>>> print(open('model.txt').read())   # compact mmCIF, C-alpha atoms and all ligand atoms
# COMPACT_ATOMS: atom_id res chain seq x y z
CA MET A 838 25.47 -31.91 -15.94
CA GLY A 839 22.87 -29.75 -14.26
CA ILE A 840 21.57 -29.44 -10.73
CA ARG A 841 19.37 -32.36 -9.68
CA TYR A 842 16.29 -31.78 -7.57
CA GLY A 843 17.08 -34.60 -5.17
CA ASP A 844 20.23 -32.75 -4.11
CA LEU A 845 18.02 -29.79 -3.14
CA GLY A 846 15.74 -31.98 -0.98
CA LEU A 847 12.81 -31.66 -3.38
CA VAL A 848 10.59 -34.55 -4.52
CA ASN A 849 8.76 -35.21 -7.78
CA THR A 850 4.96 -35.46 -7.87
CA LYS A 851 4.61 -39.23 -8.31
CA LYS A 852 4.02 -40.30 -4.71
CA MET A 853 1.94 -37.20 -3.94
CA PHE A 854 -0.43 -37.99 -6.79
CA ALA A 855 -0.64 -41.70 -5.95
CA ALA A 856 -1.69 -40.80 -2.38
CA ALA A 857 -4.13 -38.14 -3.59
CA LEU A 858 -5.74 -40.49 -6.09
CA ARG A 859 -6.11 -43.19 -3.42
CA GLY A 860 -7.58 -40.82 -0.88
CA GLY A 861 -9.86 -38.59 -2.98
CA TRP A 862 -8.06 -35.33 -2.23
CA ALA A 863 -5.78 -33.04 -4.26
CA VAL A 864 -2.28 -31.65 -3.88
CA PRO A 865 -2.25 -27.84 -3.83
CA ALA A 866 -0.14 -26.18 -6.51
CA TYR A 867 0.41 -22.57 -5.56
CA ASN A 868 2.17 -20.08 -7.83
CA PHE A 869 4.83 -17.85 -6.35
CA ASN A 870 6.89 -14.90 -7.61
CA ASN A 871 8.66 -13.66 -4.50
CA LEU A 872 9.91 -14.44 -1.02
CA GLU A 873 6.72 -13.40 0.75
CA GLN A 874 4.42 -15.58 -1.35
CA LEU A 875 6.76 -18.53 -0.99
CA ARG A 876 7.07 -18.24 2.78
CA ALA A 877 3.31 -17.84 3.18
CA ILE A 878 2.63 -20.93 1.05
CA VAL A 879 5.21 -23.10 2.78
CA LEU A 880 4.25 -22.01 6.30
CA GLY A 881 0.56 -22.58 5.51
CA CYS A 882 1.33 -26.07 4.21
CA LEU A 883 3.61 -26.90 7.13
CA GLU A 884 0.97 -25.86 9.63
CA THR A 885 -1.71 -27.92 7.90
CA ARG A 886 0.70 -30.83 7.27
CA SER A 887 -0.01 -30.76 3.54
CA PRO A 888 2.33 -31.74 0.71
CA VAL A 889 2.81 -28.87 -1.68
CA ILE A 890 3.75 -28.10 -5.27
CA LEU A 891 5.50 -24.75 -5.57
CA GLN A 892 4.97 -23.59 -9.10
CA VAL A 893 6.64 -20.95 -11.19
CA SER A 894 5.58 -19.62 -14.59
CA SER A 895 8.22 -18.53 -17.08
CA SER A 896 7.32 -14.89 -16.44
CA ALA A 897 7.57 -15.42 -12.68
CA ARG A 898 11.00 -16.97 -13.24
CA LYS A 899 12.01 -13.97 -15.32
CA TYR A 900 10.70 -11.64 -12.62
CA ALA A 901 12.43 -13.32 -9.68
CA GLY A 902 15.50 -14.54 -11.56
CA ALA A 903 16.23 -18.24 -12.07
CA PRO A 904 18.89 -18.54 -9.32
CA PHE A 905 16.51 -16.91 -6.83
CA VAL A 906 13.79 -19.41 -7.67
CA ARG A 907 16.15 -22.32 -7.07
CA HIS A 908 17.54 -20.91 -3.84
CA LEU A 909 14.06 -19.97 -2.57
CA ALA A 910 12.88 -23.52 -3.19
CA GLN A 911 15.93 -24.86 -1.38
CA ALA A 912 15.25 -22.46 1.47
CA ALA A 913 11.68 -23.77 1.59
CA VAL A 914 13.03 -27.30 2.04
CA GLU A 915 15.27 -26.10 4.87
CA LEU A 916 12.39 -24.27 6.51
CA ALA A 917 10.32 -27.46 6.31
CA ALA A 918 13.15 -29.56 7.76
CA SER A 919 13.34 -27.31 10.79
CA HIS A 920 9.59 -27.37 11.49
CA GLU A 921 8.72 -28.74 14.92
CA ALA A 922 6.27 -31.28 13.46
CA GLY A 923 8.74 -32.36 10.76
CA PRO A 924 8.92 -31.61 7.03
CA VAL A 925 6.25 -32.01 4.33
CA PRO A 926 7.00 -33.14 0.74
CA ILE A 927 7.81 -30.20 -1.54
CA ALA A 928 7.96 -30.25 -5.36
CA LEU A 929 9.23 -27.42 -7.56
CA HIS A 930 7.24 -27.28 -10.80
CA LEU A 931 7.39 -25.27 -14.01
CA ASP A 932 3.91 -23.93 -14.78
CA HIS A 933 2.86 -23.64 -18.45
CA GLY A 934 6.26 -24.35 -20.00
CA ALA A 935 5.92 -23.42 -23.66
CA THR A 936 9.09 -24.91 -25.17
CA PHE A 937 11.41 -27.90 -24.83
CA VAL A 938 14.32 -25.53 -24.20
CA LEU A 939 12.59 -23.94 -21.21
CA ALA A 940 11.55 -27.30 -19.75
CA LYS A 941 15.09 -28.64 -20.10
CA GLU A 942 16.55 -25.49 -18.57
CA CYS A 943 14.29 -25.85 -15.53
CA ILE A 944 15.02 -29.58 -15.15
CA ASP A 945 18.74 -28.79 -15.28
CA ASP A 946 18.18 -26.08 -12.71
CA GLY A 947 16.72 -28.37 -10.05
CA PHE A 948 12.99 -28.49 -10.86
CA SER A 949 11.40 -31.81 -9.88
CA SER A 950 8.43 -31.48 -12.20
CA VAL A 951 7.59 -29.59 -15.38
CA MET A 952 4.49 -28.79 -17.34
CA ILE A 953 4.83 -28.69 -21.08
CA ASP A 954 1.84 -26.82 -22.42
CA GLY A 955 1.25 -27.62 -26.05
CA SER A 956 -2.50 -27.14 -25.71
CA ALA A 957 -2.58 -24.36 -28.30
CA LEU A 958 -0.84 -26.58 -30.88
CA PRO A 959 -2.47 -29.05 -33.26
CA PHE A 960 -2.93 -32.47 -31.58
CA GLU A 961 0.01 -34.18 -33.33
CA GLU A 962 2.39 -31.30 -32.58
CA ASN A 963 1.31 -31.23 -28.95
CA ILE A 964 2.08 -34.96 -28.75
CA ALA A 965 5.52 -34.55 -30.37
CA LEU A 966 6.55 -31.66 -28.11
CA THR A 967 5.25 -33.33 -24.95
CA LYS A 968 6.92 -36.64 -25.80
CA LYS A 969 10.24 -34.86 -26.35
CA VAL A 970 10.04 -33.37 -22.84
CA VAL A 971 9.00 -36.72 -21.32
CA ASP A 972 11.97 -38.42 -23.01
CA TYR A 973 14.34 -35.90 -21.43
CA ALA A 974 12.65 -35.76 -18.01
CA HIS A 975 11.92 -39.39 -17.19
CA PRO A 976 15.49 -40.74 -17.14
CA LEU A 977 16.14 -38.02 -14.52
CA ASP A 978 12.99 -39.02 -12.59
CA VAL A 979 11.38 -35.64 -13.21
CA THR A 980 7.60 -35.80 -13.62
CA VAL A 981 5.82 -34.21 -16.58
CA GLU A 982 2.37 -32.64 -16.86
CA GLY A 983 0.81 -32.21 -20.29
CA GLU A 984 -2.29 -30.29 -21.31
CA LEU A 985 -5.05 -31.14 -23.72
CA GLY A 986 -7.98 -28.83 -24.37
CA VAL A 987 -7.87 -25.05 -24.11
CA LEU A 988 -8.81 -22.94 -21.12
CA ALA A 989 -10.17 -19.46 -21.66
CA GLY A 990 -8.18 -16.59 -20.17
CA VAL A 991 -4.52 -15.72 -20.01
CA GLU A 992 -1.90 -18.45 -19.74
CA ASP A 993 1.37 -16.58 -19.42
CA GLU A 994 1.95 -14.90 -22.77
CA VAL A 995 -0.82 -16.87 -24.50
CA SER A 996 -4.42 -15.76 -24.19
CA HIS A 997 -7.59 -17.44 -25.43
CA GLU A 998 -11.04 -15.94 -25.78
CA LEU A 999 -12.87 -19.23 -25.78
CA SER A 1000 -12.28 -22.57 -24.15
CA HIS A 1001 -12.34 -25.93 -25.93
CA TYR A 1002 -13.30 -28.77 -23.65
CA THR A 1003 -11.00 -31.77 -23.60
CA ASP A 1004 -12.14 -34.75 -25.67
CA PRO A 1005 -11.75 -37.84 -23.42
CA GLU A 1006 -10.98 -40.12 -26.35
CA GLU A 1007 -8.18 -37.81 -27.49
CA ALA A 1008 -6.96 -37.59 -23.89
CA GLU A 1009 -6.56 -41.36 -23.80
CA GLU A 1010 -4.53 -41.34 -26.99
CA PHE A 1011 -2.46 -38.38 -25.81
CA VAL A 1012 -1.50 -40.06 -22.55
CA ARG A 1013 -0.69 -43.34 -24.29
CA LEU A 1014 1.52 -41.71 -26.91
CA THR A 1015 3.33 -39.22 -24.67
CA GLY A 1016 3.72 -41.11 -21.38
CA VAL A 1017 2.92 -38.00 -19.29
CA ASP A 1018 2.60 -38.44 -15.53
CA SER A 1019 -0.43 -36.17 -15.26
CA LEU A 1020 -2.78 -34.34 -17.60
CA ALA A 1021 -4.38 -30.90 -17.36
CA ILE A 1022 -7.85 -30.93 -18.89
CA SER A 1023 -10.33 -28.25 -19.84
CA ILE A 1024 -13.73 -28.69 -18.15
CA GLY A 1025 -14.89 -25.10 -17.75
CA THR A 1026 -12.31 -23.45 -15.51
CA SER A 1027 -10.27 -20.52 -16.80
CA HIS A 1028 -7.31 -18.42 -15.72
CA GLY A 1029 -7.47 -15.11 -13.89
CA ALA A 1030 -10.08 -13.34 -11.76
CA TYR A 1031 -12.76 -12.92 -14.42
CA LYS A 1032 -13.86 -16.45 -15.11
CA PHE A 1033 -17.56 -15.83 -15.61
CA LYS A 1034 -19.78 -12.90 -16.54
CA PRO A 1035 -22.40 -11.69 -14.04
CA GLY A 1036 -25.55 -13.76 -14.49
CA GLN A 1037 -23.64 -16.75 -15.88
CA LYS A 1038 -23.97 -19.99 -13.90
CA PRO A 1039 -20.50 -21.37 -13.14
CA GLN A 1040 -20.74 -25.03 -14.05
CA LEU A 1041 -17.84 -27.42 -14.48
CA ARG A 1042 -18.19 -30.32 -16.94
CA LEU A 1043 -17.72 -33.03 -14.33
CA ASP A 1044 -19.08 -35.53 -16.85
CA ILE A 1045 -15.91 -35.02 -18.96
CA LEU A 1046 -13.76 -35.56 -15.87
CA GLU A 1047 -15.67 -38.77 -15.10
CA ASP A 1048 -15.24 -40.03 -18.65
CA VAL A 1049 -11.47 -39.37 -18.54
CA ALA A 1050 -11.26 -41.14 -15.17
CA LYS A 1051 -13.21 -44.14 -16.44
CA ARG A 1052 -10.87 -44.53 -19.39
CA MET A 1053 -7.69 -44.00 -17.32
CA PRO A 1054 -8.38 -44.83 -13.64
CA ASP A 1055 -4.72 -44.34 -12.65
CA LEU A 1056 -4.24 -40.97 -14.34
CA PRO A 1057 -3.75 -37.95 -12.07
CA VAL A 1058 -5.81 -35.13 -13.58
CA VAL A 1059 -4.82 -31.48 -13.11
CA LEU A 1060 -7.22 -28.58 -12.76
CA HIS A 1061 -5.88 -25.21 -13.86
CA GLY A 1062 -7.72 -21.95 -13.36
CA ALA A 1063 -9.20 -23.20 -10.10
CA SER A 1064 -9.24 -20.00 -8.04
CA SER A 1065 -12.56 -19.28 -6.37
CA VAL A 1066 -11.98 -15.49 -6.34
CA PRO A 1067 -13.26 -15.00 -2.77
CA ARG A 1068 -15.85 -12.22 -2.51
CA GLU A 1069 -14.33 -10.84 0.68
CA TYR A 1070 -11.00 -10.02 -1.01
CA VAL A 1071 -12.61 -8.54 -4.11
CA GLU A 1072 -14.94 -6.38 -2.01
CA GLU A 1073 -12.15 -5.25 0.29
CA ILE A 1074 -9.91 -4.32 -2.65
CA ASN A 1075 -12.76 -2.36 -4.28
CA ARG A 1076 -13.72 -0.66 -0.99
CA LEU A 1077 -10.14 0.46 -0.43
CA GLY A 1078 -9.62 2.14 -3.79
CA GLY A 1079 -9.12 -0.82 -6.12
CA SER A 1080 -11.13 -1.55 -9.21
CA LEU A 1081 -11.84 -5.22 -9.76
CA LYS A 1082 -15.34 -5.09 -11.07
CA GLU A 1083 -17.26 -8.29 -11.70
CA ALA A 1084 -14.47 -10.66 -10.71
CA ILE A 1085 -16.03 -14.13 -10.42
CA GLY A 1086 -14.35 -17.50 -9.76
CA ILE A 1087 -15.13 -21.21 -9.50
CA PRO A 1088 -17.45 -22.03 -6.58
CA GLU A 1089 -15.59 -24.04 -3.96
CA ASP A 1090 -18.14 -26.83 -3.87
CA GLN A 1091 -17.41 -27.55 -7.55
CA ILE A 1092 -13.69 -27.84 -6.81
CA ARG A 1093 -14.52 -30.16 -3.91
CA ARG A 1094 -16.49 -32.41 -6.25
CA ALA A 1095 -13.65 -32.48 -8.77
CA VAL A 1096 -11.01 -33.39 -6.17
CA SER A 1097 -13.12 -36.20 -4.75
CA GLY A 1098 -12.75 -37.70 -8.24
CA ALA A 1099 -9.66 -37.91 -10.44
CA VAL A 1100 -8.33 -34.38 -9.91
CA CYS A 1101 -5.05 -34.72 -7.98
CA LYS A 1102 -3.52 -31.26 -8.51
CA VAL A 1103 -5.32 -27.95 -8.22
CA ASN A 1104 -3.62 -24.80 -9.50
CA ILE A 1105 -4.18 -21.61 -7.53
CA ASP A 1106 -2.58 -18.32 -8.41
CA SER A 1107 -5.23 -15.59 -8.62
CA ASP A 1108 -6.61 -16.18 -5.11
CA GLY A 1109 -3.12 -15.68 -3.65
CA ARG A 1110 -2.73 -12.46 -5.64
CA LEU A 1111 -6.11 -11.20 -4.39
CA ALA A 1112 -5.32 -12.03 -0.76
CA PHE A 1113 -1.94 -10.31 -1.03
CA THR A 1114 -3.41 -7.21 -2.67
CA ALA A 1115 -6.29 -6.92 -0.18
CA ALA A 1116 -3.83 -7.09 2.72
CA LEU A 1117 -1.61 -4.40 1.22
CA ARG A 1118 -4.56 -2.06 0.64
CA ARG A 1119 -5.75 -2.69 4.21
CA SER A 1120 -2.30 -1.91 5.63
CA PHE A 1121 -1.87 1.26 3.60
CA THR A 1122 -5.35 2.47 4.60
CA GLU A 1123 -5.15 1.57 8.28
CA GLU A 1124 -1.54 2.64 8.82
CA PRO A 1125 -0.82 5.41 6.33
CA GLY A 1126 2.30 6.45 8.23
CA VAL A 1127 4.05 3.09 7.87
CA PHE A 1128 6.86 2.90 5.36
CA ASP A 1129 8.64 -0.21 6.56
CA PRO A 1130 8.04 -2.92 3.90
CA ARG A 1131 8.33 -5.62 6.56
CA LYS A 1132 5.12 -4.31 8.15
CA TYR A 1133 2.84 -4.36 5.12
CA LEU A 1134 4.51 -7.32 3.43
CA GLY A 1135 4.34 -9.18 6.75
CA ALA A 1136 0.59 -8.54 6.84
CA ALA A 1137 0.27 -9.75 3.25
CA MET A 1138 2.20 -12.90 4.15
CA GLU A 1139 -0.16 -13.65 7.05
CA THR A 1140 -3.21 -13.19 4.82
CA VAL A 1141 -1.86 -15.52 2.10
CA LYS A 1142 -0.89 -18.09 4.74
CA ALA A 1143 -4.45 -18.04 6.11
CA LEU A 1144 -5.82 -18.50 2.58
CA VAL A 1145 -3.51 -21.49 2.00
CA MET A 1146 -4.55 -23.11 5.27
CA ASP A 1147 -8.22 -22.62 4.44
CA LYS A 1148 -7.85 -24.06 0.91
CA ASN A 1149 -5.92 -27.09 2.14
CA THR A 1150 -8.40 -27.81 4.90
CA GLU A 1151 -11.77 -26.82 3.47
CA VAL A 1152 -11.45 -27.35 -0.29
CA LEU A 1153 -8.63 -29.67 -1.32
CA GLY A 1154 -8.59 -32.07 1.63
CA SER A 1155 -4.78 -32.05 1.64
CA SER A 1156 -4.45 -31.10 5.32
CA GLY A 1157 -2.89 -33.84 7.40
CA ARG A 1158 -1.94 -35.86 4.32
CA ALA A 1159 1.83 -35.31 4.33
CA GLN A 1160 2.49 -38.60 6.07
CA GLU A 1161 0.43 -40.50 3.49
CA VAL A 1162 2.98 -39.58 0.81
CA GLY A 1163 5.44 -42.47 1.01
O1 LIG A 1201 -1.62 -19.88 -15.46
C1 LIG A 1201 -0.98 -18.84 -15.32
C2 LIG A 1201 -0.48 -18.46 -13.98
O2 LIG A 1201 -1.48 -17.83 -13.24
C3 LIG A 1201 0.80 -17.68 -14.07
O3 LIG A 1201 0.59 -16.37 -14.47
O4 LIG A 1201 2.34 -15.90 -16.20
O5 LIG A 1201 1.29 -14.05 -14.90
O6 LIG A 1201 2.89 -15.63 -13.80
P1 LIG A 1201 1.85 -15.43 -14.87
P1 LIG A 1202 -6.08 -19.17 -11.38
O1 LIG A 1202 -5.89 -17.95 -12.22
O2 LIG A 1202 -7.53 -19.60 -11.34
O3 LIG A 1202 -5.53 -19.02 -10.00
O4 LIG A 1202 -5.29 -20.38 -12.08
C1 LIG A 1202 -3.91 -20.53 -11.90
C2 LIG A 1202 -3.32 -21.54 -12.80
O5 LIG A 1202 -3.96 -22.32 -13.45
C3 LIG A 1202 -1.84 -21.57 -12.87
O6 LIG A 1202 -1.39 -22.48 -13.81
ZN ZN A 1203 -2.70 -22.67 -15.48
>>> encode(input="model.txt", output="structure tokens", more="lines below")
Ligand code: G3H
Ligand code: 13P
Ligand code: ZN
Amino acid sequence: MGIRYGDLGLVNTKKMFAAALRGGWAVPAYNFNNLEQLRAIVLGCLETRSPVILQVSSSARKYAGAPFVRHLAQAAVELAASHEAGPVPIALHLDHGATFVLAKECIDDGFSSVMIDGSALPFEENIALTKKVVDYAHPLDVTVEGELGVLAGVEDEVSHELSHYTDPEEAEEFVRLTGVDSLAISIGTSHGAYKFKPGQKPQLRLDILEDVAKRMPDLPVVLHGASSVPREYVEEINRLGGSLKEAIGIPEDQIRRAVSGAVCKVNIDSDGRLAFTAALRRSFTEEPGVFDPRKYLGAAMETVKALVMDKNTEVLGSSGRAQEVG
């Protein structure tokens, strides 16, 4: 018998997604690897009164250590409970789980939601793997995200040169046969900071999203690779000695259009990394004599928190929605 997420004060994603689908907004899913990122995300969501999905990739879990991830998530719940305006709903989610064993391990370690990513597998194998995870997760009331279609870029240890857009007809069959609670689809986003080449016009296939939504009006759709790669962070990093040439993300207005439709969960990792890195470079440049990690990591935390607040308020529409999640 493992640890159950309810005992940690976490919630699954069901009610969050139902509220998001009703209201035409999306729940933010921010990746974290360490204490500073986690605190920044949670404080930003508490201040904007947004529900939040804290997500961890398998490499992030390896980096931080599984017990740290669990205890950090539990600490996040405690932090939320002590907030003057009250708590916000918090889910702990496995990002891009590649195997049944990993998904089970996370569920038994207190995760309230898992992604099983069989998108690189043949259709039938993706269905079989995803269904196996659903069959384990659902009796424990853990929600499951599947993926159909392939995003370009790096997904943990798997990397793809080219994307394959999701076929809406296949998506319908996939959801019916697996019973997933949400589905990540490929409509032109990609992972990392280099989503487009200079001169390319970033254009999401919102027609595919609309087709999926028409076929399955109650399905929460997930958008991976949704970082906008803000110019100000890229320029600051480059100005202060970094080298992130030609980093280009998804324009925010395209994310806004997607979340006003069926997209209920938006995954953001790269933007948090950029904000963190820009703040560190700024601190080291402006205060070269400082060697107290609390100073420069504190500055990084503030910068990530500001990013989170801006995303929730200006892009995802999740600010002020905590009380809508029953
Ligand atoms: O989709 C991938 C996430 O950005 C996680 O990346 O495996 O480097 O932690 P990571
Ligand atoms: P970005 O690299 O665009 O932040 O995407 C993150 C993601 O999809 C995590 O699963
Ligand atoms: Zn992803």
>>> residues_near_ligand(input="model.txt", ligand="ligand ZN 1203 (chain A)", cutoff="8 Å", atoms="all atoms listed in the file", output="PyMOL selection string")
chain A and resi 932-933+992+1027-1028+1060-1062+1104
>>> write_last_selection(input="model.txt", atoms="C-alpha atoms", output="PDB file, in the frame of the given file")
ATOM      1  CA  ASP A 932       3.910 -23.930 -14.780  1.00  0.00           C
ATOM      2  CA  HIS A 933       2.860 -23.640 -18.450  1.00  0.00           C
ATOM      3  CA  GLU A 992      -1.900 -18.450 -19.740  1.00  0.00           C
ATOM      4  CA  SER A1027     -10.270 -20.520 -16.800  1.00  0.00           C
ATOM      5  CA  HIS A1028      -7.310 -18.420 -15.720  1.00  0.00           C
ATOM      6  CA  LEU A1060      -7.220 -28.580 -12.760  1.00  0.00           C
ATOM      7  CA  HIS A1061      -5.880 -25.210 -13.860  1.00  0.00           C
ATOM      8  CA  GLY A1062      -7.720 -21.950 -13.360  1.00  0.00           C
ATOM      9  CA  ASN A1104      -3.620 -24.800  -9.500  1.00  0.00           C
TER      10      ASN A1104
END
>>> closest_atom_pairs(input="model.txt", of="chain A", to="ligand LIG 1202 (chain A)", cutoff="9 Å", atoms="all atoms listed in the file", output="JSON lines")
{"residue": "A:Ala866", "atom": "CA", "partner": "A:LIG1202", "partner_atom": "C3", "distance": 8.0}
{"residue": "A:Tyr867", "atom": "CA", "partner": "A:LIG1202", "partner_atom": "C3", "distance": 7.7}
{"residue": "A:Asn868", "atom": "CA", "partner": "A:LIG1202", "partner_atom": "C3", "distance": 6.6}
{"residue": "A:Gln892", "atom": "CA", "partner": "A:LIG1202", "partner_atom": "O6", "distance": 8.0}
{"residue": "A:Val893", "atom": "CA", "partner": "A:LIG1202", "partner_atom": "O6", "distance": 8.6}
{"residue": "A:Ser894", "atom": "CA", "partner": "A:LIG1202", "partner_atom": "O6", "distance": 7.6}
{"residue": "A:Asp932", "atom": "CA", "partner": "A:LIG1202", "partner_atom": "O6", "distance": 5.6}
{"residue": "A:His933", "atom": "CA", "partner": "A:LIG1202", "partner_atom": "O6", "distance": 6.4}
{"residue": "A:Gly990", "atom": "CA", "partner": "A:LIG1202", "partner_atom": "O1", "distance": 8.4}
{"residue": "A:Val991", "atom": "CA", "partner": "A:LIG1202", "partner_atom": "O1", "distance": 8.2}
{"residue": "A:Glu992", "atom": "CA", "partner": "A:LIG1202", "partner_atom": "O6", "distance": 7.2}
{"residue": "A:Asp993", "atom": "CA", "partner": "A:LIG1202", "partner_atom": "O6", "distance": 8.6}
{"residue": "A:Thr1026", "atom": "CA", "partner": "A:LIG1202", "partner_atom": "O2", "distance": 7.4}
{"residue": "A:Ser1027", "atom": "CA", "partner": "A:LIG1202", "partner_atom": "O2", "distance": 6.2}
{"residue": "A:His1028", "atom": "CA", "partner": "A:LIG1202", "partner_atom": "O1", "distance": 3.8}
{"residue": "A:Gly1029", "atom": "CA", "partner": "A:LIG1202", "partner_atom": "O1", "distance": 3.7}
{"residue": "A:Ala1030", "atom": "CA", "partner": "A:LIG1202", "partner_atom": "O1", "distance": 6.2}
{"residue": "A:Tyr1031", "atom": "CA", "partner": "A:LIG1202", "partner_atom": "O1", "distance": 8.8}
{"residue": "A:Lys1032", "atom": "CA", "partner": "A:LIG1202", "partner_atom": "O2", "distance": 8.0}
{"residue": "A:Leu1060", "atom": "CA", "partner": "A:LIG1202", "partner_atom": "O5", "distance": 7.1}
{"residue": "A:His1061", "atom": "CA", "partner": "A:LIG1202", "partner_atom": "O5", "distance": 3.5}
{"residue": "A:Gly1062", "atom": "CA", "partner": "A:LIG1202", "partner_atom": "O2", "distance": 3.1}
{"residue": "A:Ala1063", "atom": "CA", "partner": "A:LIG1202", "partner_atom": "O2", "distance": 4.2}
{"residue": "A:Ser1064", "atom": "CA", "partner": "A:LIG1202", "partner_atom": "O2", "distance": 3.7}
{"residue": "A:Ser1065", "atom": "CA", "partner": "A:LIG1202", "partner_atom": "O2", "distance": 7.1}
{"residue": "A:Val1066", "atom": "CA", "partner": "A:LIG1202", "partner_atom": "O2", "distance": 7.9}
{"residue": "A:Gly1086", "atom": "CA", "partner": "A:LIG1202", "partner_atom": "O2", "distance": 7.3}
{"residue": "A:Ile1087", "atom": "CA", "partner": "A:LIG1202", "partner_atom": "O2", "distance": 8.0}
{"residue": "A:Val1103", "atom": "CA", "partner": "A:LIG1202", "partner_atom": "O5", "distance": 7.8}
{"residue": "A:Asn1104", "atom": "CA", "partner": "A:LIG1202", "partner_atom": "C2", "distance": 4.6}
{"residue": "A:Ile1105", "atom": "CA", "partner": "A:LIG1202", "partner_atom": "O3", "distance": 3.8}
{"residue": "A:Asp1106", "atom": "CA", "partner": "A:LIG1202", "partner_atom": "O3", "distance": 3.4}
{"residue": "A:Ser1107", "atom": "CA", "partner": "A:LIG1202", "partner_atom": "O3", "distance": 3.7}
{"residue": "A:Asp1108", "atom": "CA", "partner": "A:LIG1202", "partner_atom": "O3", "distance": 5.8}
{"residue": "A:Gly1109", "atom": "CA", "partner": "A:LIG1202", "partner_atom": "O3", "distance": 7.6}
{"residue": "A:Arg1110", "atom": "CA", "partner": "A:LIG1202", "partner_atom": "O3", "distance": 8.4}
>>> closest_residue(input="model.txt", among="A:Tyr1002, A:Phe869, A:Tyr842, A:Trp862", to="ligand LIG 1201 (chain A)", atoms="all atoms listed in the file")
A:Phe869
>>> residues_around(input="model.txt", residues="Lys968 in chain A", least_positions_apart="5", cutoff="9 Å", atoms="all atoms listed in the file", output="list in words")
Asn963, Tyr973, Leu1014, Thr1015, Gly1016 and Val1017 of chain A
>>> axis_aligned_box(input="model.txt", around="ligand LIG 1201 (chain A)", padding_each_side="3 Å", output="lines of an AutoDock Vina configuration file")
center_x = 0.6
center_y = -17.0
center_z = -14.7
size_x = 10.5
size_y = 11.8
size_z = 9.0
>>> closest_residue(input="model.txt", among="A:Ile1085, A:Ala1159, A:Ala935, A:Leu929", to="ligand LIG 1201 (chain A)", atoms="only C-alpha atoms and all ligand atoms")
A:Ala935
>>> closest_residue(input="model.txt", among="A:Pro1125, A:Glu1009, A:Lys1034, A:Gln1040", to="Glu1083 in chain A", atoms="all atoms listed in the file")
A:Lys1034
>>> residues_around(input="model.txt", residues="range 850-859 of chain A", least_positions_apart="4", cutoff="12 Å", atoms="only C-alpha atoms", output="number ranges by chain")
A: 842, 863-866, 887-892, 925-930, 948-952, 975, 978-982, 1017-1020, 1050, 1053-1059, 1095-1103, 1153-1163
>>> atom_distance(input="model.txt", atom1="CA of Arg841 in chain A", atom2="CA of Leu875 in chain A")
20.6 Å
>>> residues_near_point(input="model.txt", point="(16.1, -31.9, -1.4)", cutoff="9 Å", atoms="all atoms listed in the file", output="PyMOL selection string")
chain A and resi 841-848+911+914-915+927
>>> decode(input="model.txt", residues="range 928-956 of chain A", atoms="C-alpha atoms", output="short mmCIF file (atom, residue, chain, number, x, y, z; two decimals), in the first residue's frame")
data_model
loop_
_atom_site.label_atom_id
_atom_site.label_comp_id
_atom_site.auth_asym_id
_atom_site.auth_seq_id
_atom_site.Cartn_x
_atom_site.Cartn_y
_atom_site.Cartn_z
CA ALA A 928 -2.26 18.72 -8.12
CA LEU A 929 1.03 16.83 -8.36
CA HIS A 930 1.49 15.41 -11.86
CA LEU A 931 4.01 13.18 -13.60
CA ASP A 932 5.04 14.83 -16.87
CA HIS A 933 5.82 12.55 -19.85
CA GLY A 934 5.80 9.25 -17.99
CA ALA A 935 7.29 6.72 -20.39
CA THR A 936 6.47 3.40 -18.68
CA PHE A 937 3.76 1.74 -16.61
CA VAL A 938 6.33 1.08 -13.86
CA LEU A 939 7.16 4.77 -13.53
CA ALA A 940 3.50 5.82 -13.54
CA LYS A 941 2.68 3.26 -10.86
CA GLU A 942 5.67 4.31 -8.78
CA CYS A 943 4.52 7.93 -8.86
CA ILE A 944 0.90 7.04 -8.05
CA ASP A 945 2.14 4.99 -5.09
CA ASP A 946 4.28 7.92 -4.05
CA GLY A 947 1.42 10.40 -3.70
CA PHE A 948 1.00 11.85 -7.21
CA SER A 949 -2.60 12.84 -7.94
CA SER A 950 -2.25 12.74 -11.71
CA VAL A 951 0.05 11.08 -14.23
CA MET A 952 0.80 11.45 -17.89
CA ILE A 953 1.57 8.30 -19.79
CA ASP A 954 3.27 9.32 -23.00
CA GLY A 955 3.04 6.59 -25.59
CA SER A 956 3.00 9.09 -28.44
#
